[in-house]
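Everything below concerns the one structure shown next.
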Amino acid sequence: MKGYLDKVAYLQTWGCQMNVHDTEKIAGVLRGEGYLFTDKPEEAALIILNTCSIREKAEHKFMSRLGYFRRLKRKRPGLLIAVAGCIAQQEGERFLIDNQYVDFTFGPQNIVRLPELILKDMRKAAVDDNPALAETDLPAIRNDDTRAWVNIMYGCNNFCSYCVVPHTRGRERSRPVDSIVGEIKTLAALCCKEITLLGQNVNSYKDPSTRASFAELLEHVNAIEDIERVRFVTSHPKDLSQELICAIRDLPKVCEHIHLPLQSGSSKILSMMNRKYSYEDYRQKINLLREHIPGISITTDIIAGFPGETEQDHEDTLSALREIGFDGAFAFKYSRRPYTAAKEMDGQLDEQIKSERLKTILELQDDITDKINRRLKGQTIEILVEGVSASDPNHWTGRTRTNKIVNFTPEKSLEKGMLITVDITNSFRHSLQGRPQG
């Protein structure tokens, strides 16, 4: 026996929610072609690696993993290996030249071409621009029937000086409101309770025909029966409007949480990043959010060690973390990426300096998050039940509207997707512990 079936696929993903959802679409397209799936690459006839190039570390992890599949293909020459996602788009035909054992590559805009790529007996990089992307509804296999991601737009027009996304995902293209609402209604009929709307910058969403804004889209989604909660990522601070803030405040299904990447507390560095706002601008929008939505949870992104960042710029970032008091932050060392303006900037910092600054940022944010979470002890909070905890089968887990994880021991029969209230009995840096009422 050869040990594998002709139509069994193995999929692996690196990167953000957008990449994870792209893999769900890749799986949906493959299922339409009759494929089954395995979590053991040794059993697969087709391996697809969906990649991320936002940081050098993610790229290195992928290349290390790719080496294993090269050895696997030496044993089984008939194995098809495909590389998808941002690295595929970034490198184009060059990736196939440098990695002869990879059969084909395709970028995020060309998932729809997967059946053609599998069948063609040729090595090809499908990285063409696809203007019809926003009009194309692809099937998806979602791993969670309670919570789902839904793309509302693709690409990015911002060209932040450190970011490769406009080069890997193309220009902004918004999906029509009717198409988005139709997809979410289908998910609601399948018992999905929570929707997260996805885009590189959801705040700049515009319906291609009616020019409806993101706030207006939220009104339509809020009206969909059986959906309990609505979230969205990611928001660009420069486009955060009063209209959107009021929508978060007034629409009952839209959760009181926003991820608003700051990146640096130094206005000088923000200008060099081409972020198109100053720290003062950002701070004013935080004040407006908290004025209209008391108790809103705000999380952010921070880049440590951007080219030209002085010790004072770093201190400005630490000061911003203390002043704003984020519920959480994703912080990373600056990474030089192809095609970006920052790659060629003077003042590239030593890795040790970047590591030390990152460590200081993470330690400070951990303390801030810990203090914020401790304030929740003794409160009664509604959570959406997500199921058995991945780390402890004796506990279940749920999520608050403010996007905090709550672990608890169920005291009665529960099902995923239920809304229950819990008393918060303890707090930790990255989760809460609760006791269900009743």
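Note on naming: chains are A, B, ... as they come in the structure tokens, residues start from 1 per chain, ligands start from 1 in the order shown.
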Report task. Extract, using only C-alpha atoms, all DNA, RNA and protein residues at most 6 Å from range 46-55 of chain A, discarding same-chain residues fewer than 5 positions from it, and format them as JSON, numbers by chain. Result -> {"A": [9, 10, 11, 12, 13, 14, 15, 80, 81, 82, 83, 84, 85, 86, 87, 335]}
**Report entry** strand (DSSP E or B) residues, from DSSP on the backbone, in range 186-264 of chain A, as a ChimeraX atom specification
**Finding:** /A:194-198,206,213,229-233,254,257-259,263
Query raised in the report: Between A:Thr299, A:Gln263, A:Ser213, A:Gln109, which has the minimum distance to Lys333 in chain A (counting only C-alpha atoms)?
Result: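 Ranking A:Thr299, A:Gln263, A:Ser213, A:Gln109 by distance to Lys333 in chain A, first place goes to A:Gln263.
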Report task. Could you give me, as a PyMOL selection string, the residues within 7 Å of Val127 in chain A, counting only C-alpha atoms and dropping anything in the same chain fewer than 5 positions from it? Result -> chain A and resi 89+92+106-107+110
Query raised in the report: Using only C-alpha atoms, which residues sit within 10 Å of range 308-318 of chain A once same-chain residues fewer than 6 positions away are excluded, as a ChimeraX atom specification?
Result: /A:262-269,272,279,302,342,345-349,353-354,357-358,360-362,364-365
Kindly export the residues of the current selection with C-alpha atoms, as a PDB file, in the first residue's frame.
ATOM      1  CA  LEU A 262      -0.849  52.627  17.680  1.00  0.00           C
ATOM      2  CA  GLN A 263       2.557  51.237  16.571  1.00  0.00           C
ATOM      3  CA  SER A 264       4.562  53.976  18.365  1.00  0.00           C
ATOM      4  CA  GLY A 265       4.030  56.639  21.005  1.00  0.00           C
ATOM      5  CA  SER A 266       6.395  59.004  19.169  1.00  0.00           C
ATOM      6  CA  SER A 267       4.799  61.354  16.640  1.00  0.00           C
ATOM      7  CA  LYS A 268       8.163  61.573  14.859  1.00  0.00           C
ATOM      8  CA  ILE A 269       8.276  57.794  14.391  1.00  0.00           C
ATOM      9  CA  MET A 272       8.319  58.062   9.452  1.00  0.00           C
ATOM     10  CA  TYR A 279       0.172  60.538  18.929  1.00  0.00           C
ATOM     11  CA  ILE A 302       3.364  48.174  18.916  1.00  0.00           C
ATOM     12  CA  ALA A 342      11.568  51.446   5.819  1.00  0.00           C
ATOM     13  CA  MET A 345      15.915  53.892   5.796  1.00  0.00           C
ATOM     14  CA  ASP A 346      18.995  55.027   7.666  1.00  0.00           C
ATOM     15  CA  GLY A 347      19.226  54.245  11.368  1.00  0.00           C
ATOM     16  CA  GLN A 348      18.529  50.497  11.302  1.00  0.00           C
ATOM     17  CA  LEU A 349      18.878  49.351  14.910  1.00  0.00           C
ATOM     18  CA  ILE A 353      18.566  46.995  21.145  1.00  0.00           C
ATOM     19  CA  LYS A 354      15.299  45.973  19.501  1.00  0.00           C
ATOM     20  CA  ARG A 357      13.070  47.528  23.952  1.00  0.00           C
ATOM     21  CA  LEU A 358      10.536  44.842  23.092  1.00  0.00           C
ATOM     22  CA  THR A 360      10.490  46.434  28.286  1.00  0.00           C
ATOM     23  CA  ILE A 361       7.286  47.050  26.316  1.00  0.00           C
ATOM     24  CA  LEU A 362       5.942  43.551  26.976  1.00  0.00           C
ATOM     25  CA  LEU A 364       5.023  47.045  31.099  1.00  0.00           C
ATOM     26  CA  GLN A 365       1.956  45.939  29.146  1.00  0.00           C
TER      27      GLN A 365
END
What lies within 12 Å of Arg173 in chain A using only C-alpha atoms, ignoring chain neighbours under 6 positions off, as a short mmCIF file (atom, residue, chain, number, x, y, z; two decimals) with N, CA and C atoms, in the first residue's frame?
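Okay, this is what ended up in result-v8.cif:
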data_model
loop_
_atom_site.label_atom_id
_atom_site.label_comp_id
_atom_site.auth_asym_id
_atom_site.auth_seq_id
_atom_site.Cartn_x
_atom_site.Cartn_y
_atom_site.Cartn_z
N GLN A 109 -5.19 36.52 -3.83
CA GLN A 109 -6.23 36.91 -4.79
C GLN A 109 -6.59 35.80 -5.77
N ASP A 129 -3.05 40.12 -10.44
CA ASP A 129 -4.07 40.95 -9.81
C ASP A 129 -5.44 40.44 -10.22
N ASN A 130 -6.37 40.42 -9.28
CA ASN A 130 -7.71 39.89 -9.55
C ASN A 130 -8.75 40.93 -9.18
N PRO A 131 -9.11 41.81 -10.12
CA PRO A 131 -10.09 42.87 -9.82
C PRO A 131 -11.46 42.34 -9.39
N ALA A 132 -11.77 41.10 -9.76
CA ALA A 132 -13.08 40.54 -9.43
C ALA A 132 -13.12 39.90 -8.04
N LEU A 133 -12.03 40.01 -7.30
CA LEU A 133 -11.95 39.32 -6.00
C LEU A 133 -13.11 39.66 -5.09
N ALA A 134 -13.44 40.94 -4.97
CA ALA A 134 -14.49 41.36 -4.05
C ALA A 134 -15.88 40.92 -4.50
N GLU A 135 -16.00 40.52 -5.76
CA GLU A 135 -17.29 40.07 -6.27
C GLU A 135 -17.39 38.54 -6.27
N THR A 136 -16.34 37.86 -5.82
CA THR A 136 -16.30 36.40 -5.88
C THR A 136 -16.58 35.80 -4.51
N ASN A 151 -14.90 38.13 5.44
CA ASN A 151 -14.22 39.23 4.75
C ASN A 151 -15.23 40.28 4.28
N ILE A 152 -14.94 41.54 4.56
CA ILE A 152 -15.77 42.61 4.00
C ILE A 152 -15.00 43.40 2.94
N MET A 153 -13.68 43.25 2.93
CA MET A 153 -12.85 43.94 1.95
C MET A 153 -11.51 43.25 1.86
N TYR A 154 -10.79 43.56 0.81
CA TYR A 154 -9.48 42.97 0.57
C TYR A 154 -8.48 44.08 0.26
N GLY A 155 -7.21 43.83 0.58
CA GLY A 155 -6.16 44.75 0.20
C GLY A 155 -6.03 45.96 1.11
N CYS A 156 -5.09 46.83 0.76
CA CYS A 156 -4.81 48.01 1.58
C CYS A 156 -4.20 49.10 0.71
N ASN A 157 -4.60 50.35 0.98
CA ASN A 157 -4.09 51.51 0.24
C ASN A 157 -3.15 52.38 1.06
N PRO A 166 0.26 45.93 1.17
CA PRO A 166 -0.23 46.42 -0.12
C PRO A 166 0.41 45.72 -1.32
N GLY A 199 -10.89 42.89 7.53
CA GLY A 199 -10.33 43.75 6.50
C GLY A 199 -9.02 44.31 7.00
N GLN A 200 -8.12 44.68 6.08
CA GLN A 200 -6.87 45.30 6.50
C GLN A 200 -7.13 46.64 7.17
N ASN A 201 -8.19 47.32 6.73
CA ASN A 201 -8.62 48.58 7.35
C ASN A 201 -10.12 48.70 7.18
N VAL A 202 -10.87 48.09 8.08
CA VAL A 202 -12.32 48.06 7.94
C VAL A 202 -12.92 49.47 7.96
N SER A 204 -12.18 51.99 6.34
CA SER A 204 -12.26 52.62 5.02
C SER A 204 -13.21 51.87 4.08
N TYR A 205 -13.98 50.92 4.62
CA TYR A 205 -14.94 50.17 3.80
C TYR A 205 -15.93 51.11 3.10
N LYS A 206 -16.19 50.84 1.82
CA LYS A 206 -17.22 51.54 1.05
C LYS A 206 -17.87 50.54 0.11
N ASP A 207 -19.20 50.42 0.18
CA ASP A 207 -19.89 49.56 -0.77
C ASP A 207 -19.58 50.04 -2.19
N PRO A 208 -19.18 49.14 -3.10
CA PRO A 208 -18.75 49.58 -4.43
C PRO A 208 -19.84 50.26 -5.25
N SER A 209 -21.10 50.01 -4.92
CA SER A 209 -22.20 50.63 -5.69
C SER A 209 -22.85 51.78 -4.94
#
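Close contacts of range 118-125 of chain A, defined as residues with an atom at most 8 Å away when counting only C-alpha atoms, with chain neighbours fewer than 6 positions off set aside, comprise Ala88, Gly92, Glu93, Leu96, Asp103, Phe104, Thr105 and Phe106 of chain A.
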